[in-house]
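Enquirer: Just one file: structure_39.pdb, with PDB, C-alpha atoms, pLDDT in the B column.
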```pdb
ATOM      1  CA  MET Q  26     -18.659 -96.821  10.146  1.00 48.00           C
ATOM      2  CA  SER Q  27     -18.893 -94.964  13.435  1.00 50.00           C
ATOM      3  CA  ALA Q  28     -20.875 -96.267  16.404  1.00 50.00           C
ATOM      4  CA  SER Q  29     -23.175 -93.200  16.286  1.00 69.00           C
ATOM      5  CA  ALA Q  30     -24.238 -93.696  12.645  1.00 83.00           C
ATOM      6  CA  PRO Q  31     -27.665 -95.302  12.167  1.00 89.00           C
ATOM      7  CA  ILE Q  32     -27.569 -99.055  11.662  1.00 90.00           C
ATOM      8  CA  GLN Q  33     -30.035-100.647   9.288  1.00 91.00           C
ATOM      9  CA  VAL Q  34     -31.332-104.199   9.218  1.00 93.00           C
ATOM     10  CA  GLN Q  35     -33.531-105.359   6.348  1.00 93.00           C
ATOM     11  CA  TYR Q  36     -35.028-108.779   5.751  1.00 94.00           C
ATOM     12  CA  ARG Q  37     -38.196-110.528   4.652  1.00 94.00           C
ATOM     13  CA  TRP Q  38     -40.293-111.984   7.502  1.00 93.00           C
ATOM     14  CA  THR Q  39     -40.582-115.530   6.147  1.00 93.00           C
ATOM     15  CA  PHE Q  40     -41.472-118.712   7.973  1.00 96.00           C
ATOM     16  CA  ARG Q  41     -37.788-119.621   8.067  1.00 94.00           C
ATOM     17  CA  GLU Q  42     -36.953-116.341   9.858  1.00 93.00           C
ATOM     18  CA  PHE Q  43     -39.919-116.813  12.185  1.00 94.00           C
ATOM     19  CA  LEU Q  44     -38.746-120.345  13.005  1.00 92.00           C
ATOM     20  CA  SER Q  45     -35.168-119.138  13.620  1.00 91.00           C
ATOM     21  CA  ALA Q  46     -36.408-116.360  15.909  1.00 91.00           C
ATOM     22  CA  GLN Q  47     -38.739-118.631  17.881  1.00 90.00           C
ATOM     23  CA  THR Q  48     -36.068-121.321  18.248  1.00 87.00           C
ATOM     24  CA  ALA Q  49     -33.504-118.785  19.445  1.00 87.00           C
ATOM     25  CA  HIS Q  50     -36.052-117.358  21.880  1.00 86.00           C
ATOM     26  CA  LEU Q  51     -36.914-120.844  23.153  1.00 81.00           C
ATOM     27  CA  TRP Q  52     -33.304-121.871  23.724  1.00 78.00           C
ATOM     28  CA  ASN Q  53     -32.259-118.601  25.355  1.00 76.00           C
ATOM     29  CA  GLY Q  54     -34.942-118.481  28.008  1.00 68.00           C
ATOM     30  CA  TRP Q  55     -36.953-120.800  30.192  1.00 64.00           C
ATOM     31  CA  GLY Q  56     -37.729-122.896  27.118  1.00 66.00           C
ATOM     32  CA  ARG Q  57     -34.329-124.559  27.312  1.00 69.00           C
ATOM     33  CA  PHE Q  58     -35.034-125.670  30.867  1.00 74.00           C
ATOM     34  CA  ARG Q  59     -38.505-126.936  29.929  1.00 74.00           C
ATOM     35  CA  GLU Q  60     -37.179-128.821  26.907  1.00 74.00           C
ATOM     36  CA  LEU Q  61     -34.361-130.443  28.862  1.00 78.00           C
ATOM     37  CA  LEU Q  62     -36.656-131.289  31.778  1.00 81.00           C
ATOM     38  CA  GLY Q  63     -39.172-132.825  29.372  1.00 78.00           C
ATOM     39  CA  ALA Q  64     -36.470-134.843  27.606  1.00 78.00           C
ATOM     40  CA  ALA Q  65     -35.008-136.072  30.914  1.00 84.00           C
ATOM     41  CA  SER Q  66     -38.441-136.981  32.291  1.00 81.00           C
ATOM     42  CA  THR Q  67     -39.396-138.799  29.113  1.00 81.00           C
ATOM     43  CA  THR Q  68     -36.096-140.666  29.052  1.00 81.00           C
ATOM     44  CA  LEU Q  69     -36.613-141.844  32.629  1.00 82.00           C
ATOM     45  CA  LEU Q  70     -40.189-142.795  31.803  1.00 79.00           C
ATOM     46  CA  LEU Q  71     -39.011-144.804  28.797  1.00 78.00           C
ATOM     47  CA  ILE Q  72     -36.359-146.583  30.838  1.00 81.00           C
ATOM     48  CA  TYR Q  73     -38.962-147.453  33.480  1.00 79.00           C
ATOM     49  CA  ALA Q  74     -41.437-148.653  30.829  1.00 78.00           C
ATOM     50  CA  LEU Q  75     -38.832-150.822  29.125  1.00 78.00           C
ATOM     51  CA  TYR Q  76     -37.815-152.261  32.496  1.00 79.00           C
ATOM     52  CA  ARG Q  77     -41.466-153.124  33.258  1.00 77.00           C
ATOM     53  CA  TYR Q  78     -41.916-154.569  29.789  1.00 75.00           C
ATOM     54  CA  TYR Q  79     -38.967-156.926  30.137  1.00 77.00           C
ATOM     55  CA  ASP Q  80     -39.662-157.699  33.806  1.00 78.00           C
ATOM     56  CA  GLU Q  81     -43.438-158.167  33.801  1.00 74.00           C
ATOM     57  CA  GLY Q  82     -44.180-158.839  30.172  1.00 71.00           C
ATOM     58  CA  ASP Q  83     -46.747-157.238  27.926  1.00 69.00           C
ATOM     59  CA  ASN Q  84     -49.399-154.964  29.458  1.00 73.00           C
ATOM     60  CA  ARG Q  85     -51.360-151.885  28.305  1.00 77.00           C
ATOM     61  CA  ILE Q  86     -49.771-149.306  30.600  1.00 75.00           C
ATOM     62  CA  THR Q  87     -46.287-150.288  29.506  1.00 75.00           C
ATOM     63  CA  GLN Q  88     -47.306-150.041  25.872  1.00 76.00           C
ATOM     64  CA  LEU Q  89     -48.810-146.589  26.466  1.00 77.00           C
ATOM     65  CA  LEU Q  90     -45.673-145.387  28.247  1.00 76.00           C
ATOM     66  CA  ILE Q  91     -43.457-146.588  25.415  1.00 76.00           C
ATOM     67  CA  ALA Q  92     -45.769-145.027  22.793  1.00 80.00           C
ATOM     68  CA  PHE Q  93     -45.758-141.715  24.695  1.00 79.00           C
ATOM     69  CA  GLY Q  94     -41.942-141.702  24.906  1.00 78.00           C
ATOM     70  CA  VAL Q  95     -41.515-142.461  21.213  1.00 80.00           C
ATOM     71  CA  CYS Q  96     -44.032-139.749  20.291  1.00 79.00           C
ATOM     72  CA  TRP Q  97     -42.265-137.224  22.511  1.00 78.00           C
ATOM     73  CA  PHE Q  98     -38.899-137.721  20.858  1.00 77.00           C
ATOM     74  CA  PHE Q  99     -39.974-138.176  17.260  1.00 82.00           C
ATOM     75  CA  LEU Q 100     -43.253-136.339  16.798  1.00 84.00           C
ATOM     76  CA  ARG Q 101     -42.815-133.366  19.133  1.00 82.00           C
ATOM     77  CA  PRO Q 102     -40.433-131.430  16.827  1.00 85.00           C
ATOM     78  CA  LEU Q 103     -42.840-131.942  13.929  1.00 90.00           C
ATOM     79  CA  LEU Q 104     -45.843-130.862  16.018  1.00 87.00           C
ATOM     80  CA  ARG Q 105     -43.951-127.783  17.230  1.00 87.00           C
ATOM     81  CA  ARG Q 106     -43.168-126.834  13.651  1.00 92.00           C
ATOM     82  CA  ILE Q 107     -46.814-127.297  12.606  1.00 93.00           C
ATOM     83  CA  LEU Q 108     -48.055-125.154  15.497  1.00 91.00           C
ATOM     84  CA  LEU Q 109     -45.523-122.451  14.642  1.00 92.00           C
ATOM     85  CA  TRP Q 110     -46.675-122.573  11.017  1.00 95.00           C
ATOM     86  CA  PHE Q 111     -50.270-121.858  12.069  1.00 95.00           C
ATOM     87  CA  SER Q 112     -49.050-119.060  14.322  1.00 92.00           C
ATOM     88  CA  PHE Q 113     -47.038-117.566  11.447  1.00 94.00           C
ATOM     89  CA  ARG Q 114     -50.003-117.785   9.050  1.00 93.00           C
ATOM     90  CA  GLY Q 115     -52.034-115.577  11.381  1.00 90.00           C
ATOM     91  CA  GLN Q 116     -49.492-112.761  11.412  1.00 88.00           C
ATOM     92  CA  PRO Q 117     -50.303-109.702   9.291  1.00 88.00           C
ATOM     93  CA  THR Q 118     -46.571-109.093   8.699  1.00 88.00           C
ATOM     94  CA  ARG Q 119     -45.855-112.516   7.180  1.00 88.00           C
ATOM     95  CA  ASN Q 120     -43.753-112.483   4.022  1.00 91.00           C
ATOM     96  CA  GLN Q 121     -43.315-108.712   4.191  1.00 91.00           C
ATOM     97  CA  GLN Q 122     -40.100-106.744   4.086  1.00 93.00           C
ATOM     98  CA  ILE Q 123     -39.009-105.501   7.525  1.00 92.00           C
ATOM     99  CA  GLN Q 124     -36.672-102.566   7.954  1.00 93.00           C
ATOM    100  CA  LEU Q 125     -35.176-101.752  11.342  1.00 92.00           C
ATOM    101  CA  THR Q 126     -33.070 -98.662  11.984  1.00 92.00           C
ATOM    102  CA  PHE Q 127     -31.121 -98.212  15.206  1.00 91.00           C
ATOM    103  CA  ASP Q 128     -29.830 -94.797  16.174  1.00 89.00           C
ATOM    104  CA  HIS Q 129     -29.213 -92.713  19.292  1.00 86.00           C
ATOM    105  CA  THR Q 130     -32.964 -92.060  19.784  1.00 87.00           C
ATOM    106  CA  GLY Q 131     -34.033 -95.693  19.666  1.00 87.00           C
ATOM    107  CA  ILE Q 132     -35.401 -98.278  17.291  1.00 90.00           C
ATOM    108  CA  HIS Q 133     -37.400 -97.406  14.186  1.00 92.00           C
ATOM    109  CA  SER Q 134     -39.306-100.193  12.479  1.00 91.00           C
ATOM    110  CA  GLU Q 135     -41.119-100.270   9.144  1.00 91.00           C
ATOM    111  CA  CYS Q 136     -43.160-103.131   7.769  1.00 88.00           C
ATOM    112  CA  GLY Q 137     -45.456-102.270   4.905  1.00 81.00           C
ATOM    113  CA  GLU Q 138     -47.619 -99.352   6.027  1.00 84.00           C
ATOM    114  CA  ASN Q 139     -46.858 -99.922   9.716  1.00 86.00           C
ATOM    115  CA  ARG Q 140     -44.280 -97.777  11.476  1.00 89.00           C
ATOM    116  CA  PHE Q 141     -43.066 -98.161  15.024  1.00 87.00           C
ATOM    117  CA  HIS Q 142     -40.611 -96.330  17.264  1.00 88.00           C
ATOM    118  CA  ALA Q 143     -39.287 -97.484  20.639  1.00 85.00           C
ATOM    119  CA  SER Q 144     -36.802 -95.691  22.839  1.00 86.00           C
ATOM    120  CA  TRP Q 145     -33.783 -97.482  24.233  1.00 85.00           C
ATOM    121  CA  GLU Q 146     -35.373 -97.333  27.701  1.00 85.00           C
ATOM    122  CA  LEU Q 147     -37.874 -99.991  26.584  1.00 85.00           C
ATOM    123  CA  CYS Q 148     -35.110-102.438  25.678  1.00 85.00           C
ATOM    124  CA  ARG Q 149     -34.501-104.952  28.448  1.00 85.00           C
ATOM    125  CA  LYS Q 150     -31.688-107.049  26.990  1.00 86.00           C
ATOM    126  CA  VAL Q 151     -30.075-108.228  23.783  1.00 89.00           C
ATOM    127  CA  ILE Q 152     -28.982-111.798  23.170  1.00 89.00           C
ATOM    128  CA  GLU Q 153     -26.618-112.773  20.401  1.00 89.00           C
ATOM    129  CA  THR Q 154     -27.523-116.147  18.920  1.00 89.00           C
ATOM    130  CA  ARG Q 155     -26.127-118.407  16.237  1.00 89.00           C
ATOM    131  CA  ASP Q 156     -28.391-116.844  13.591  1.00 90.00           C
ATOM    132  CA  GLY Q 157     -28.745-113.240  14.754  1.00 91.00           C
ATOM    133  CA  PHE Q 158     -29.763-110.983  17.641  1.00 92.00           C
ATOM    134  CA  LEU Q 159     -32.849-111.042  19.853  1.00 91.00           C
ATOM    135  CA  LEU Q 160     -33.712-107.632  21.303  1.00 89.00           C
ATOM    136  CA  TYR Q 161     -36.171-107.975  24.184  1.00 88.00           C
ATOM    137  CA  GLN Q 162     -38.809-105.388  25.014  1.00 84.00           C
ATOM    138  CA  PRO Q 163     -41.651-105.784  27.519  1.00 84.00           C
ATOM    139  CA  GLY Q 164     -43.842-108.605  26.240  1.00 82.00           C
ATOM    140  CA  SER Q 165     -42.059-109.152  22.925  1.00 84.00           C
ATOM    141  CA  PHE Q 166     -38.780-109.302  21.095  1.00 87.00           C
ATOM    142  CA  LEU Q 167     -37.318-108.105  17.815  1.00 88.00           C
ATOM    143  CA  TRP Q 168     -35.373-110.464  15.578  1.00 92.00           C
ATOM    144  CA  MET Q 169     -32.341-109.271  13.638  1.00 92.00           C
ATOM    145  CA  PRO Q 170     -30.805-112.013  11.473  1.00 93.00           C
ATOM    146  CA  TRP Q 171     -27.156-111.741  10.488  1.00 91.00           C
ATOM    147  CA  LYS Q 172     -28.045-111.564   6.811  1.00 92.00           C
ATOM    148  CA  GLY Q 173     -30.252-108.535   7.467  1.00 92.00           C
ATOM    149  CA  PHE Q 174     -27.348-106.234   8.359  1.00 92.00           C
ATOM    150  CA  ILE Q 175     -26.613-104.156   5.290  1.00 86.00           C
ATOM    151  CA  HIS Q 176     -22.901-103.604   5.939  1.00 83.00           C
ATOM    152  CA  ASP Q 177     -20.515-106.230   7.308  1.00 80.00           C
ATOM    153  CA  ASP Q 178     -19.219-103.981  10.079  1.00 86.00           C
ATOM    154  CA  ASP Q 179     -22.768-103.077  11.219  1.00 88.00           C
ATOM    155  CA  THR Q 180     -22.864-106.074  13.552  1.00 88.00           C
ATOM    156  CA  VAL Q 181     -19.842-104.754  15.456  1.00 88.00           C
ATOM    157  CA  SER Q 182     -21.349-101.251  15.535  1.00 88.00           C
ATOM    158  CA  PHE Q 183     -24.654-102.720  16.712  1.00 89.00           C
ATOM    159  CA  ARG Q 184     -22.963-104.577  19.594  1.00 88.00           C
ATOM    160  CA  THR Q 185     -21.228-101.357  20.635  1.00 87.00           C
ATOM    161  CA  MET Q 186     -24.400 -99.275  20.349  1.00 88.00           C
ATOM    162  CA  VAL Q 187     -26.458-101.781  22.343  1.00 86.00           C
ATOM    163  CA  ARG Q 188     -23.870-102.032  25.118  1.00 84.00           C
ATOM    164  CA  GLU Q 189     -23.699 -98.249  25.311  1.00 82.00           C
ATOM    165  CA  ARG Q 190     -27.467 -97.663  25.241  1.00 80.00           C
ATOM    166  CA  LEU Q 191     -28.424-100.435  27.627  1.00 78.00           C
ATOM    167  CA  SER Q 192     -25.793 -99.392  30.176  1.00 73.00           C
ATOM    168  CA  ARG Q 193     -27.184 -95.809  30.042  1.00 66.00           C
ATOM    169  CA  ALA Q 194     -30.732 -97.098  30.491  1.00 56.00           C
ATOM    170  CA  GLU Q 195     -29.698 -99.025  33.641  1.00 57.00           C
ATOM    171  CA  HIS Q 196     -28.329 -95.894  35.321  1.00 46.00           C
TER
END
```
Take the structure I supplied and represent it as structure tokens, if you would.
Expert:
Amino acid sequence: MSASAPIQVQYRWTFREFLSAQTAHLWNGWGRFRELLGAASTTLLLIYALYRYYDEGDNRITQLLIAFGVCWFFLRPLLRRILLWFSFRGQPTRNQQIQLTFDHTGIHSECGENRFHASWELCRKVIETRDGFLLYQPGSFLWMPWKGFIHDDDTVSFRTMVRERLSRAEH
């Protein structure tokens, strides 16, 4: 398949895809820094609380600090998933088939009755993740999971097309 041929990506926008996209977005931006800073701060807080507990004995503040640390590490992932579920439920495109087509003019998207076209000039960057690609546009991103590429060699063609188009947009 040549690099100039249109590349198609098709998948159903399920909660699992939404969760994969949001997780990839979180870990490839400032979210990684926030998560690591939160984990480091909570770890230090827990160490301090345990030190106070063993040094000074039982008191309310120490118990609250320990409870907060345990909640951070064990309940935060569950709470994040619940909040993402409510966010997903409010989306009009949930559980619908998404079709993306990439060609020399830009990105064409279809989801139910909705159609969208964006030129390559609107694309800021593309990040390749463990589960697919994130294509960033001002204020949003498009998710392209690996399983959505129709042909096996489309991922290689997509990488080539993106490199070519984004380098042209920078000049």
Enquirer: For this file, the PyMOL selection byres ((chain Q and resi 155) around 12) selects which residues, as a list in words?
Expert: Ser45, Ala46, Thr48, Ala49, His50, Trp52, Asn53, Ile152, Glu153, Thr154, Asp156, Gly157, Phe158, Leu159, Met169, Pro170, Trp171 and Lys172 of chain Q
Enquirer: Quick one: which residues end up in the PyMOL selection byres ((chain Q and resi 115-130) around 6) for this structure, as a count of residues only?
Expert: 18
Enquirer: I need the output of the PyMOL selection byres ((chain Q and resi 185) around 12) for this file as a PDB file with C-alpha atoms, in the coordinates of the input; which residues are they?
Expert:
```
ATOM      1  CA  MET Q  26     -18.659 -96.821  10.146  1.00 48.00           C
ATOM      2  CA  SER Q  27     -18.893 -94.964  13.435  1.00 50.00           C
ATOM      3  CA  ALA Q  28     -20.875 -96.267  16.404  1.00 50.00           C
ATOM      4  CA  SER Q  29     -23.175 -93.200  16.286  1.00 69.00           C
ATOM      5  CA  ALA Q  30     -24.238 -93.696  12.645  1.00 83.00           C
ATOM      6  CA  ILE Q  32     -27.569 -99.055  11.662  1.00 90.00           C
ATOM      7  CA  PHE Q 127     -31.121 -98.212  15.206  1.00 91.00           C
ATOM      8  CA  ASP Q 128     -29.830 -94.797  16.174  1.00 89.00           C
ATOM      9  CA  HIS Q 129     -29.213 -92.713  19.292  1.00 86.00           C
ATOM     10  CA  VAL Q 151     -30.075-108.228  23.783  1.00 89.00           C
ATOM     11  CA  ASP Q 178     -19.219-103.981  10.079  1.00 86.00           C
ATOM     12  CA  ASP Q 179     -22.768-103.077  11.219  1.00 88.00           C
ATOM     13  CA  THR Q 180     -22.864-106.074  13.552  1.00 88.00           C
ATOM     14  CA  VAL Q 181     -19.842-104.754  15.456  1.00 88.00           C
ATOM     15  CA  SER Q 182     -21.349-101.251  15.535  1.00 88.00           C
ATOM     16  CA  PHE Q 183     -24.654-102.720  16.712  1.00 89.00           C
ATOM     17  CA  ARG Q 184     -22.963-104.577  19.594  1.00 88.00           C
ATOM     18  CA  MET Q 186     -24.400 -99.275  20.349  1.00 88.00           C
ATOM     19  CA  VAL Q 187     -26.458-101.781  22.343  1.00 86.00           C
ATOM     20  CA  ARG Q 188     -23.870-102.032  25.118  1.00 84.00           C
ATOM     21  CA  GLU Q 189     -23.699 -98.249  25.311  1.00 82.00           C
ATOM     22  CA  ARG Q 190     -27.467 -97.663  25.241  1.00 80.00           C
ATOM     23  CA  LEU Q 191     -28.424-100.435  27.627  1.00 78.00           C
ATOM     24  CA  SER Q 192     -25.793 -99.392  30.176  1.00 73.00           C
TER      25      SER Q 192
END
```
Enquirer: Choose the residue, out of Q:Leu108, Q:Val95, Q:Leu44, Q:Ile175, that has the smallest atom-to-atom separation from Ala64 of chain Q; count only C-alpha atoms.
Expert: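 When distances to Ala64 of chain Q are compared using only C-alpha atoms, the smallest one comes from Q:Val95.
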Enquirer: Box in all listed atoms of segment 78-93 of chain Q, axis-aligned, with 6 Å more on each side; write out centre and edge lengths in Å to one decimal as lines of an AutoDock Vina configuration file.
Expert:
```
center_x = -45.2
center_y = -150.3
center_z = 28.3
size_x = 24.4
size_y = 29.1
size_z = 23.0
```
Enquirer: What is the distance between atom CA of Cys96 of chain Q and atom CA of Arg59 of chain Q, in Å to one decimal?
Expert: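 Interatomic distance, atom CA of Cys96 of chain Q to atom CA of Arg59 of chain Q: 17.0 Å.
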Enquirer: Rank Q:Asp80, Q:Thr68, Q:Tyr73, Q:Leu109 by their smallest atom-to-atom distance to Gly94 of chain Q, using all atoms listed in the file, and report the top residue only.
Expert: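 Using all atoms listed in the file, the shortest distance to Gly94 of chain Q belongs to Q:Thr68.
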